[in-house]
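Student: work-v1.txt is reproduced below (compact mmCIF, C-alpha atoms and all ligand atoms).
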```txt
# COMPACT_ATOMS: atom_id res chain seq x y z
CA MET T 1 81.06 162.71 85.98
CA ASN T 2 79.09 159.53 85.36
CA THR T 3 77.42 158.82 88.73
CA PHE T 4 77.13 155.10 88.13
CA LEU T 5 80.84 154.81 87.47
CA SER T 6 81.83 156.98 90.40
CA LEU T 7 79.67 154.92 92.79
CA ASN T 8 81.10 151.63 91.58
CA HIS T 9 84.69 152.63 91.27
CA HIS T 10 86.61 151.43 94.30
CA MET T 11 89.16 153.58 95.98
CA GLU T 12 92.70 152.34 95.48
CA LEU T 13 94.00 150.43 98.53
CA PRO T 14 97.80 150.57 98.42
CA ASP T 15 99.61 147.42 99.63
CA ASP T 16 101.20 149.12 102.63
CA VAL T 17 97.87 150.59 103.81
CA PHE T 18 96.17 147.23 103.25
CA ARG T 19 98.72 145.59 105.58
CA LEU T 20 98.33 148.26 108.26
CA LEU T 21 94.56 148.02 108.08
CA ARG T 22 94.39 144.23 108.16
CA ASP T 23 96.89 144.14 111.07
CA ALA T 24 94.70 146.60 112.99
CA ILE T 25 91.63 144.41 112.35
CA TYR T 26 93.56 141.27 113.28
CA LYS T 27 94.84 142.79 116.52
CA ARG T 28 91.28 143.64 117.58
CA THR T 29 89.34 140.58 116.38
CA GLY T 30 91.61 137.69 115.40
CA MET T 31 90.20 137.77 111.86
CA TRP T 32 93.00 137.32 109.38
CA PHE T 33 92.96 138.72 105.86
CA ALA T 34 95.69 137.19 103.71
CA GLU T 35 97.29 139.15 100.85
CA SER T 36 94.79 137.54 98.50
CA SER T 37 91.95 139.28 100.42
CA LYS T 38 93.14 142.78 99.60
CA TYR T 39 90.53 143.29 96.93
CA LEU T 40 87.80 142.09 99.28
CA LEU T 41 88.70 144.70 101.90
CA GLN T 42 89.01 147.36 99.22
CA LYS T 43 85.60 146.50 97.79
CA ARG T 44 83.82 146.35 101.13
CA LEU T 45 85.43 149.42 102.70
CA SER T 46 85.62 151.83 99.76
CA PRO T 47 81.96 152.87 100.00
CA ARG T 48 82.36 153.48 103.73
CA ALA T 49 85.51 155.61 103.29
CA ARG T 50 83.71 157.58 100.58
CA GLU T 51 80.62 158.04 102.75
CA LEU T 52 82.87 159.64 105.38
CA ASN T 53 84.40 161.87 102.69
CA PHE T 54 87.91 160.47 102.85
CA GLU T 55 89.78 160.97 99.60
CA SER T 56 92.04 158.00 100.11
CA PHE T 57 92.53 154.90 102.22
CA GLN T 58 95.62 156.57 103.72
CA LYS T 59 93.40 159.28 105.19
CA TYR T 60 90.83 156.76 106.36
CA PHE T 61 93.55 154.75 108.06
CA TYR T 62 94.98 157.88 109.67
CA PHE T 63 91.51 158.53 111.14
CA LEU T 64 91.34 154.95 112.40
CA GLN T 65 94.67 155.34 114.07
CA TYR T 66 94.34 158.71 115.75
CA ASP T 67 90.74 159.85 115.98
CA PRO T 68 88.88 159.39 119.31
CA ARG T 69 85.94 157.98 117.29
CA ALA T 70 88.12 155.26 115.79
CA GLU T 71 86.85 152.35 117.90
CA ALA T 72 83.24 153.15 116.95
CA GLU T 73 84.38 153.22 113.33
CA PHE T 74 86.03 149.81 113.71
CA ASP T 75 82.63 148.52 114.85
CA GLN T 76 81.21 149.74 111.52
CA ILE T 77 84.06 148.01 109.72
CA TYR T 78 83.27 144.66 111.36
CA ASP T 79 79.72 144.93 110.05
CA LEU T 80 81.13 145.30 106.54
CA ILE T 81 83.87 142.68 106.52
CA THR T 82 82.48 139.66 108.39
CA THR T 83 81.06 136.68 106.53
CA ASN T 84 77.67 135.91 108.02
CA GLU T 85 76.47 132.91 106.03
CA THR T 86 74.19 130.70 108.16
CA TYR T 87 70.88 128.79 108.09
CA PHE T 88 68.58 126.85 110.38
CA PHE T 89 69.63 123.32 111.42
CA ARG T 90 73.07 123.63 109.82
CA GLU T 91 75.26 120.54 110.35
CA PRO T 92 72.31 118.45 111.57
CA ALA T 93 74.20 115.38 112.82
CA GLN T 94 76.04 117.53 115.31
CA LEU T 95 72.78 119.11 116.45
CA ALA T 96 71.33 115.62 116.85
CA ALA T 97 74.32 114.70 119.02
CA PHE T 98 73.69 117.87 121.04
CA VAL T 99 70.11 116.83 121.78
CA ASP T 100 70.55 113.05 122.11
CA GLU T 101 73.94 112.81 123.78
CA ILE T 102 75.30 116.04 125.12
CA VAL T 103 72.24 117.38 126.92
CA PRO T 104 71.45 114.06 128.66
CA ASP T 105 75.11 113.65 129.61
CA ILE T 106 75.26 117.10 131.19
CA LEU T 107 71.92 116.68 132.95
CA SER T 108 73.06 113.35 134.39
CA ARG T 109 75.92 115.16 136.14
CA LYS T 110 73.93 118.13 137.47
CA SER T 111 72.23 118.52 140.77
CA PHE T 112 70.21 121.47 139.42
CA ASN T 113 68.64 120.87 136.03
CA LYS T 114 69.99 124.02 134.43
CA ILE T 115 72.16 124.13 131.33
CA ARG T 116 73.90 127.24 130.05
CA ILE T 117 74.63 127.36 126.32
CA TRP T 118 76.51 129.94 124.28
CA SER T 119 76.28 130.30 120.52
CA ALA T 120 79.49 132.26 119.83
CA GLY T 121 79.39 133.90 116.41
CA CYS T 122 75.64 133.37 115.98
CA SER T 123 75.22 135.65 112.94
CA SER T 124 71.51 136.37 112.32
CA GLY T 125 70.32 133.89 114.96
CA GLU T 126 69.50 130.73 113.02
CA GLU T 127 71.89 128.63 115.12
CA PRO T 128 70.65 129.52 118.64
CA TYR T 129 67.00 129.44 117.50
CA SER T 130 67.62 125.96 116.05
CA LEU T 131 68.86 124.84 119.48
CA ALA T 132 65.81 126.29 121.20
CA ILE T 133 63.51 124.53 118.73
CA LEU T 134 65.30 121.20 119.08
CA LEU T 135 65.17 121.38 122.89
CA GLU T 136 61.48 122.12 122.66
CA GLU T 137 60.91 119.25 120.23
CA ALA T 138 62.75 116.86 122.55
CA GLY T 139 60.58 117.95 125.49
CA TYR T 140 63.51 119.08 127.63
CA TYR T 141 61.91 122.33 128.73
CA GLU T 142 59.44 120.32 130.82
CA HIS T 143 62.08 119.21 133.29
CA ALA T 144 65.12 121.44 132.81
CA THR T 145 66.01 125.10 132.47
CA PHE T 146 68.14 126.33 129.58
CA GLU T 147 69.86 129.66 129.21
CA ILE T 148 70.86 130.26 125.61
CA PHE T 149 73.18 133.20 124.99
CA ALA T 150 74.01 134.17 121.45
CA SER T 151 76.61 136.71 120.44
CA ASP T 152 78.30 138.20 117.43
CA ILE T 153 80.69 141.04 116.68
CA ASN T 154 78.47 142.30 113.85
CA GLN T 155 75.71 144.64 115.04
CA SER T 156 73.60 144.42 111.87
CA VAL T 157 73.23 140.63 112.00
CA LEU T 158 72.35 140.87 115.70
CA ALA T 159 69.58 143.32 114.89
CA ARG T 160 68.26 140.81 112.35
CA ALA T 161 68.52 138.01 114.91
CA ARG T 162 66.50 139.97 117.45
CA ARG T 163 63.89 140.82 114.86
CA GLY T 164 63.59 137.15 113.88
CA HIS T 165 62.34 137.52 110.30
CA TYR T 166 63.72 135.05 107.78
CA ARG T 167 63.58 134.42 104.04
CA GLU T 168 63.39 131.08 102.19
CA ASN T 169 67.15 130.69 102.03
CA ALA T 170 67.40 130.36 105.81
CA PHE T 171 65.22 127.23 105.65
CA ARG T 172 67.17 125.23 103.11
CA ALA T 173 67.76 122.46 105.72
CA THR T 174 64.50 122.83 107.64
CA GLU T 175 61.61 120.40 107.53
CA ALA T 176 58.41 122.12 106.38
CA ALA T 177 56.53 120.84 109.45
CA LEU T 178 59.01 122.49 111.82
CA ARG T 179 58.79 125.76 109.95
CA GLU T 180 55.00 125.69 110.11
CA LYS T 181 55.10 124.99 113.82
CA TYR T 182 57.64 127.58 114.95
CA PHE T 183 57.26 130.41 112.42
CA VAL T 184 54.46 132.65 111.23
CA ARG T 185 54.19 133.70 107.56
CA GLU T 186 54.19 137.49 107.17
CA ASP T 187 52.47 139.46 104.41
CA ASP T 188 55.79 140.22 102.74
CA GLY T 189 56.53 136.48 102.44
CA ALA T 190 59.08 136.39 105.27
CA TRP T 191 58.77 133.96 108.17
CA ARG T 192 58.69 135.42 111.70
CA ILE T 193 59.89 133.26 114.55
CA ARG T 194 57.26 132.74 117.23
CA ASP T 195 57.79 134.70 120.43
CA GLU T 196 57.93 131.52 122.53
CA VAL T 197 61.15 130.56 120.71
CA ARG T 198 62.49 134.08 120.40
CA ASN T 199 62.22 134.65 124.13
CA ARG T 200 64.35 131.63 124.85
CA VAL T 201 67.47 133.26 123.38
CA SER T 202 69.35 136.32 124.68
CA PHE T 203 71.45 138.17 122.13
CA GLY T 204 74.43 140.38 122.86
CA ARG T 205 77.32 141.97 121.04
CA LEU T 206 80.64 140.38 121.90
CA ASN T 207 84.05 140.25 120.32
CA LEU T 208 85.45 136.76 120.95
CA TYR T 209 88.89 138.31 121.23
CA ASP T 210 87.84 140.45 124.20
CA GLU T 211 88.67 138.11 127.07
CA ALA T 212 87.50 140.49 129.79
CA ARG T 213 84.02 140.78 128.28
CA VAL T 214 83.88 137.09 127.39
CA SER T 215 84.56 136.26 131.05
CA LEU T 216 81.42 138.20 132.05
CA LEU T 217 79.41 135.34 130.55
CA GLY T 218 80.36 133.18 133.53
CA HIS T 219 80.57 129.42 133.10
CA LEU T 220 78.90 127.59 130.24
CA ASP T 221 78.06 123.93 129.79
CA VAL T 222 78.08 124.03 125.99
CA ILE T 223 79.76 126.45 123.63
CA LEU T 224 78.99 126.32 119.93
CA CYS T 225 81.49 128.19 117.83
CA ARG T 226 80.79 126.87 114.37
CA ASN T 227 82.15 128.30 111.14
CA VAL T 228 83.78 131.22 112.93
CA ILE T 229 87.42 130.32 113.55
CA ILE T 230 87.93 129.41 109.90
CA TYR T 231 88.51 133.15 109.46
CA PHE T 232 91.25 133.17 112.13
CA ASP T 233 94.91 132.25 111.90
CA ASP T 234 96.41 129.62 114.24
CA ALA T 235 97.61 132.18 116.81
CA SER T 236 94.21 133.81 117.18
CA LYS T 237 92.45 130.41 117.18
CA LYS T 238 94.58 129.52 120.21
CA ILE T 239 93.58 132.68 122.03
CA VAL T 240 89.89 132.25 121.32
CA VAL T 241 89.84 128.53 122.15
CA SER T 242 91.72 129.21 125.42
CA ASN T 243 89.02 131.75 126.28
CA PHE T 244 86.41 129.07 125.58
CA TYR T 245 88.30 126.59 127.68
CA ASN T 246 88.24 129.01 130.62
CA ARG T 247 84.51 129.51 130.21
CA LEU T 248 83.57 125.83 130.02
CA THR T 249 82.40 124.00 133.13
CA ASP T 250 84.05 120.72 134.02
CA GLY T 251 82.84 118.21 131.45
CA GLY T 252 81.46 120.98 129.26
CA TYR T 253 81.49 120.75 125.47
CA LEU T 254 82.87 122.90 122.71
CA LEU T 255 81.27 122.27 119.32
CA LEU T 256 83.15 123.44 116.26
CA GLY T 257 82.06 123.46 112.63
CA HIS T 258 82.68 120.61 110.18
CA SER T 259 85.58 122.27 108.51
CA GLU T 260 87.27 123.49 111.67
CA SER T 261 89.97 121.72 113.56
CA LEU T 262 92.24 122.37 116.50
CA ILE T 263 94.59 119.62 115.51
CA ARG T 264 96.99 121.86 113.61
CA LEU T 265 97.38 124.06 116.67
CA GLY T 266 99.51 121.36 118.23
CA VAL T 267 98.89 122.33 121.85
CA PHE T 268 95.92 120.21 122.76
CA SER T 269 96.26 116.89 124.48
CA VAL T 270 93.21 114.91 123.71
CA GLU T 271 91.23 111.93 124.67
CA ILE T 272 88.95 110.88 121.87
CA VAL T 273 85.61 109.24 122.13
CA ILE T 274 84.13 107.91 118.94
CA VAL T 275 80.45 107.33 119.34
CA ASP T 276 78.90 105.10 116.79
CA ARG T 277 75.30 105.45 117.78
CA LEU T 278 73.92 102.84 115.46
CA ALA T 279 76.19 100.18 116.87
CA GLN T 280 75.88 101.59 120.40
CA LEU T 281 79.63 101.62 120.47
CA ASP T 282 81.61 103.99 122.60
CA LEU T 283 85.32 103.70 122.00
CA VAL T 284 87.74 105.70 124.09
CA PHE T 285 91.26 106.45 123.04
CA ALA T 286 93.96 108.67 124.40
CA PHE T 287 96.87 109.24 122.13
CA ASP T 288 99.09 111.97 120.89
CA LEU T 289 98.36 114.29 118.03
CA VAL T 290 99.70 112.08 115.30
CA VAL T 291 97.17 109.45 116.24
CA VAL T 292 94.47 112.07 116.48
CA ARG T 293 95.11 112.93 112.89
CA TRP T 294 94.98 109.29 111.92
CA LEU T 295 91.76 108.78 113.86
CA SER T 296 90.16 111.79 112.25
CA PHE T 297 90.97 110.24 108.91
CA LEU T 298 89.65 106.90 110.08
CA ALA T 299 86.45 108.42 111.39
CA CYS T 300 85.86 110.25 108.16
CA HIS T 301 86.70 107.49 105.75
CA HIS T 302 86.57 104.05 107.26
CA ILE T 303 84.17 103.66 110.15
CA PRO T 304 80.69 103.13 108.80
CA GLN T 305 77.99 105.25 110.41
CA CYS T 306 80.48 106.96 112.66
CA ARG T 307 78.45 109.86 113.95
CA VAL T 308 80.61 111.74 116.38
CA LEU T 309 84.22 112.20 117.15
CA ARG T 310 84.41 113.79 120.53
CA MET T 311 87.66 115.00 121.95
CA ARG T 312 88.20 115.42 125.62
CA CYS T 313 90.99 117.68 126.71
CA PRO T 314 92.32 116.66 130.10
CA LEU T 315 94.92 119.38 130.40
CA LEU T 316 95.16 122.50 128.28
CA PRO T 317 97.05 124.14 126.86
CA GLN T 318 100.49 123.38 128.26
CA GLU T 319 100.40 119.61 127.92
CA ARG T 320 101.59 118.51 124.54
CA ARG T 321 101.12 114.80 124.72
CA ILE T 322 99.17 112.26 126.59
CA GLY T 323 100.56 108.76 126.39
CA ARG T 324 98.81 105.49 127.02
CA ARG T 325 100.44 105.07 130.41
CA SER T 326 99.22 108.33 131.84
CA PHE T 327 95.75 107.86 130.39
CA SER T 328 94.12 106.07 133.33
CA LYS T 329 95.49 108.66 135.73
CA ARG T 330 94.23 111.52 133.64
CA VAL T 331 90.85 110.14 132.84
CA GLY T 332 89.61 111.03 136.30
CA ALA T 333 90.73 114.56 135.65
CA VAL T 334 88.92 115.06 132.37
CA ARG T 335 87.67 118.60 132.54
CA ARG T 336 86.58 119.85 129.18
CA ARG T 337 85.50 118.18 126.02
CA ILE T 338 85.92 119.39 122.53
CA MET T 339 83.75 117.95 119.88
CA PHE T 340 84.07 117.81 116.15
CA ASP T 341 81.57 116.29 113.86
CA PHE T 342 83.06 114.07 111.24
CA THR T 343 79.81 112.72 109.96
CA LYS T 344 80.05 110.75 106.81
CA SER T 345 77.36 111.92 104.47
C1 LIG X 1 79.79 132.24 109.01
S1 LIG X 1 79.01 132.94 110.43
C2 LIG X 1 78.61 131.46 111.34
C3 LIG X 1 77.23 131.50 111.94
C4 LIG X 1 76.80 130.21 112.68
N1 LIG X 1 77.67 129.97 113.80
C5 LIG X 1 76.74 129.04 111.75
O1 LIG X 1 77.59 128.15 111.86
O2 LIG X 1 75.86 128.99 110.90
C6 LIG X 1 80.44 133.57 111.32
C7 LIG X 1 80.08 134.67 112.31
O3 LIG X 1 81.20 134.89 113.18
C8 LIG X 1 81.23 136.26 113.50
N2 LIG X 1 82.58 136.64 113.99
C9 LIG X 1 83.73 136.66 113.29
N3 LIG X 1 84.75 137.10 114.07
C10 LIG X 1 84.22 137.35 115.30
C11 LIG X 1 84.76 137.83 116.53
N4 LIG X 1 86.06 138.14 116.66
N5 LIG X 1 83.92 137.96 117.57
C12 LIG X 1 82.61 137.64 117.45
N6 LIG X 1 82.04 137.20 116.32
C13 LIG X 1 82.84 137.04 115.25
C14 LIG X 1 80.84 136.95 112.19
O4 LIG X 1 80.34 138.25 112.37
C15 LIG X 1 79.80 135.98 111.63
O5 LIG X 1 78.47 136.42 111.89
```
Turn this file's structure into structure tokens for me.
Tutor:
Amino acid sequence: MNTFLSLNHHMELPDDVFRLLRDAIYKRTGMWFAESSKYLLQKRLSPRARELNFESFQKYFYFLQYDPRAEAEFDQIYDLITTNETYFFREPAQLAAFVDEIVPDILSRKSFNKIRIWSAGCSSGEEPYSLAILLEEAGYYEHATFEIFASDINQSVLARARRGHYRENAFRATEAALREKYFVREDDGAWRIRDEVRNRVSFGRLNLYDEARVSLLGHLDVILCRNVIIYFDDASKKIVVSNFYNRLTDGGYLLLGHSESLIRLGVFSVEIVIVDRLAQLDLVFAFDLVVVRWLSFLACHHIPQCRVLRMRCPLLPQERRIGRRSFSKRVGAVRRRIMFDFTKS
């Protein structure tokens, strides 16, 4: 047999096995693979099934269902099916808001100058290292303590994060001066992050769907979960965001990616703060979800230089609406904030 062909030929993934497999993955992680993703799963998992000498996906699935080693095998599967695209200083306006607005706001409310941050779904570490660098650049480490936790479900990307070696592509949004300052060029052309930055971040493996293990993190002041829940359906987004909500301290912040929204979930009552930093304007609104949608549109398309749309969630997740009348009463009870970045580029 032609070896090249046999290596590249994917094992057939029948529709019924695809559905069983994707439901098993969904139940464990919240990641949702629509029917259109069947080929993707087939392509990514065929080599693994072959490596384990399964003749068919049926047999592989049978193993995943009944074998005592199945959970360890699912861990291997997550390494193969997650999308790990990331780079340093991604979504910079939001990171600027983190340094210029969020950190000072949290410090102003703390008796001990200690902030706990969690990068949830950190991939190969560019996001948490960017935070550590920005905090250093802003001089915060001189008068405050920061704990930065970073986690992912994928063990391979975590190993890369801990190693801290990066190629050119990771620096597509990084100023050359910052790279020179915080990285060392290796003989093979890669850039190694300096130990001073590396030691500021603790990495750990964590499935965001595993509430019991997530709760071991204790309370966090800031959670970044950017470009992760785009792979989830609405039901699993709700579960994961509720877990975040339980982990956030009063007045803590959740930062989501540009293309992520909780609005469609329909369970979050929100107070919105639009911060237009150039005009030093801080507008506060509290409306129901229809208005939230309208405001998102407004922020994106009509308000010049609108930098941040910050959503505060007074009561989650049972409350469906917050009307104008109840606003003043609730404002004192604001507990968590959820922030989106609708920066106009
Ligand atoms: C596209 S990367 C985003 C990396 C970084 N946050 C950023 O915005 O550049 C998404 C990461 O989420 C992780 N992920 C997906 N589902 C997860 C889950 N259930 N628990 C933990 N991590 C998960 C993936 O392994 C992947 O590394």
Student: In terms of the shortest atom-to-atom distance over only C-alpha atoms and all ligand atoms, which of T:Glu126, T:Glu51, T:Glu71, T:Asp105 is closest to ligand LIG 1 (chain X)?
Tutor: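 Under the stated criterion, the closest residue is T:Glu126.
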Student: List all protein, DNA and RNA residues that have any atom at most 7 Å from ligand LIG 1 (chain X), counting only C-alpha atoms and all ligand atoms, and write the list as a PyMOL selection string.
Tutor: chain T and resi 29-31+82-87+90+119-124+126-127+151-154+157+206-209+225-228+257
Student: Please determine, counting all atoms listed in the file, which residue among T:Ile81, T:Ala235, T:Val103, T:Leu95 has the shortest atom-to-atom distance to Leu256 in chain T.
Tutor: T:Leu95
Student: Mind checking which residues fall within 10 Å of His165 in chain T, counting all atoms listed in the file, ignoring those fewer than 6 positions away in the same chain, and posting them as a PDB file with C-alpha atoms, in the coordinates of the input?
Tutor:
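Final file, part.pdb:
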```
ATOM      1  CA  SER T 124      71.510 136.370 112.320  1.00  0.00           C
ATOM      2  CA  GLY T 125      70.320 133.890 114.960  1.00  0.00           C
ATOM      3  CA  PHE T 183      57.260 130.410 112.420  1.00  0.00           C
ATOM      4  CA  VAL T 184      54.460 132.650 111.230  1.00  0.00           C
ATOM      5  CA  ARG T 185      54.190 133.700 107.560  1.00  0.00           C
ATOM      6  CA  GLU T 186      54.190 137.490 107.170  1.00  0.00           C
ATOM      7  CA  GLY T 189      56.530 136.480 102.440  1.00  0.00           C
ATOM      8  CA  ALA T 190      59.080 136.390 105.270  1.00  0.00           C
ATOM      9  CA  TRP T 191      58.770 133.960 108.170  1.00  0.00           C
ATOM     10  CA  ARG T 192      58.690 135.420 111.700  1.00  0.00           C
ATOM     11  CA  ILE T 193      59.890 133.260 114.550  1.00  0.00           C
ATOM     12  CA  ARG T 194      57.260 132.740 117.230  1.00  0.00           C
TER      13      ARG T 194
END
```
Student: Between T:Val222, T:Arg247, T:Lys59, T:Asp79, which has the minimum distance to Phe98 in chain T (counting all atoms listed in the file)?
Tutor: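 Looking only at the distances to Phe98 in chain T, the closest residue turns out to be T:Val222.
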Student: Using only C-alpha atoms, which of T:Arg163, T:Ala212, T:Ile106, T:Ile133 sits nearest Gly252 in chain T?
Tutor: T:Ile106
Student: Can you work out which one of T:Lys181, T:His10, T:Arg200, T:Arg172 has the shortest atom-to-atom distance to Tyr141 in chain T, counting only C-alpha atoms?
Tutor: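 Result for the nearest residue to Tyr141 in chain T: T:Arg200.
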Student: Quick check, in Å to one decimal: how far apart do CA of Pro14 in chain T and CA of Tyr39 in chain T lie?
Tutor: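 CA of Pro14 in chain T sits 10.4 Å away from CA of Tyr39 in chain T.
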Student: Between T:Ile77, T:Ala49, T:Ala96, T:Leu13, which residue has the minimum interatomic distance to Ser37 in chain T, considering only C-alpha atoms?
Tutor: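 Using only C-alpha atoms, the shortest distance to Ser37 in chain T belongs to T:Leu13.
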Student: Which distance in Å separates CA of Phe88 in chain T and CA of Leu158 in chain T, to one decimal?
Tutor: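 Result for CA of Phe88 in chain T versus CA of Leu158 in chain T: 15.5 Å, one decimal.
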Student: Taking 3 positions as the minimum chain separation for residues in the same chain, which residues sit within 12 Å of Glu73 in chain T when counting only C-alpha atoms? Answer as a ChimeraX atom specification.
Tutor: /T:25,45,48-49,52,60-61,63-70,76-80
Student: Just the selected residues (C-alpha atoms), exported as a short mmCIF file (atom, residue, chain, number, x, y, z; two decimals), in the frame of the given file, please.
Tutor:
```cif
data_model
loop_
_atom_site.label_atom_id
_atom_site.label_comp_id
_atom_site.auth_asym_id
_atom_site.auth_seq_id
_atom_site.Cartn_x
_atom_site.Cartn_y
_atom_site.Cartn_z
CA ILE T 25 91.63 144.41 112.35
CA LEU T 45 85.43 149.42 102.70
CA ARG T 48 82.36 153.48 103.73
CA ALA T 49 85.51 155.61 103.29
CA LEU T 52 82.87 159.64 105.38
CA TYR T 60 90.83 156.76 106.36
CA PHE T 61 93.55 154.75 108.06
CA PHE T 63 91.51 158.53 111.14
CA LEU T 64 91.34 154.95 112.40
CA GLN T 65 94.67 155.34 114.07
CA TYR T 66 94.34 158.71 115.75
CA ASP T 67 90.74 159.85 115.98
CA PRO T 68 88.88 159.39 119.31
CA ARG T 69 85.94 157.98 117.29
CA ALA T 70 88.12 155.26 115.79
CA GLN T 76 81.21 149.74 111.52
CA ILE T 77 84.06 148.01 109.72
CA TYR T 78 83.27 144.66 111.36
CA ASP T 79 79.72 144.93 110.05
CA LEU T 80 81.13 145.30 106.54
#
```
Student: N, CA and C atoms are what I want for range 239-251 of chain T; can you complete it accordingly and write them as a JSON list (two decimals), in the frame of the given file?
Tutor:
```json
[["chain", "number", "residue", "atom", "x", "y", "z"],
["T", 239, "ILE", "N", 94.07, 131.73, 121.03],
["T", 239, "ILE", "CA", 93.58, 132.68, 122.03],
["T", 239, "ILE", "C", 92.09, 132.47, 122.28],
["T", 240, "VAL", "N", 91.34, 132.37, 121.19],
["T", 240, "VAL", "CA", 89.89, 132.25, 121.32],
["T", 240, "VAL", "C", 89.52, 130.93, 121.98],
["T", 241, "VAL", "N", 90.18, 129.84, 121.57],
["T", 241, "VAL", "CA", 89.84, 128.53, 122.15],
["T", 241, "VAL", "C", 90.26, 128.49, 123.62],
["T", 242, "SER", "N", 91.36, 129.15, 123.99],
["T", 242, "SER", "CA", 91.72, 129.21, 125.42],
["T", 242, "SER", "C", 90.66, 129.96, 126.20],
["T", 243, "ASN", "N", 90.12, 131.02, 125.62],
["T", 243, "ASN", "CA", 89.02, 131.75, 126.28],
["T", 243, "ASN", "C", 87.82, 130.82, 126.48],
["T", 244, "PHE", "N", 87.52, 130.02, 125.45],
["T", 244, "PHE", "CA", 86.41, 129.07, 125.58],
["T", 244, "PHE", "C", 86.70, 128.07, 126.69],
["T", 245, "TYR", "N", 87.91, 127.59, 126.68],
["T", 245, "TYR", "CA", 88.30, 126.59, 127.68],
["T", 245, "TYR", "C", 88.06, 127.14, 129.10],
["T", 246, "ASN", "N", 88.43, 128.40, 129.30],
["T", 246, "ASN", "CA", 88.24, 129.01, 130.62],
["T", 246, "ASN", "C", 86.78, 129.20, 130.97],
["T", 247, "ARG", "N", 85.94, 129.30, 129.96],
["T", 247, "ARG", "CA", 84.51, 129.51, 130.21],
["T", 247, "ARG", "C", 83.76, 128.21, 130.43],
["T", 248, "LEU", "N", 84.31, 127.08, 129.94],
["T", 248, "LEU", "CA", 83.57, 125.83, 130.02],
["T", 248, "LEU", "C", 83.59, 125.24, 131.42],
["T", 249, "THR", "N", 82.45, 124.72, 131.85],
["T", 249, "THR", "CA", 82.40, 124.00, 133.13],
["T", 249, "THR", "C", 83.13, 122.68, 132.97],
["T", 250, "ASP", "N", 83.43, 122.05, 134.08],
["T", 250, "ASP", "CA", 84.05, 120.72, 134.02],
["T", 250, "ASP", "C", 83.13, 119.79, 133.24],
["T", 251, "GLY", "N", 83.67, 119.10, 132.26],
["T", 251, "GLY", "CA", 82.84, 118.21, 131.45],
["T", 251, "GLY", "C", 81.98, 118.92, 130.43]]
```
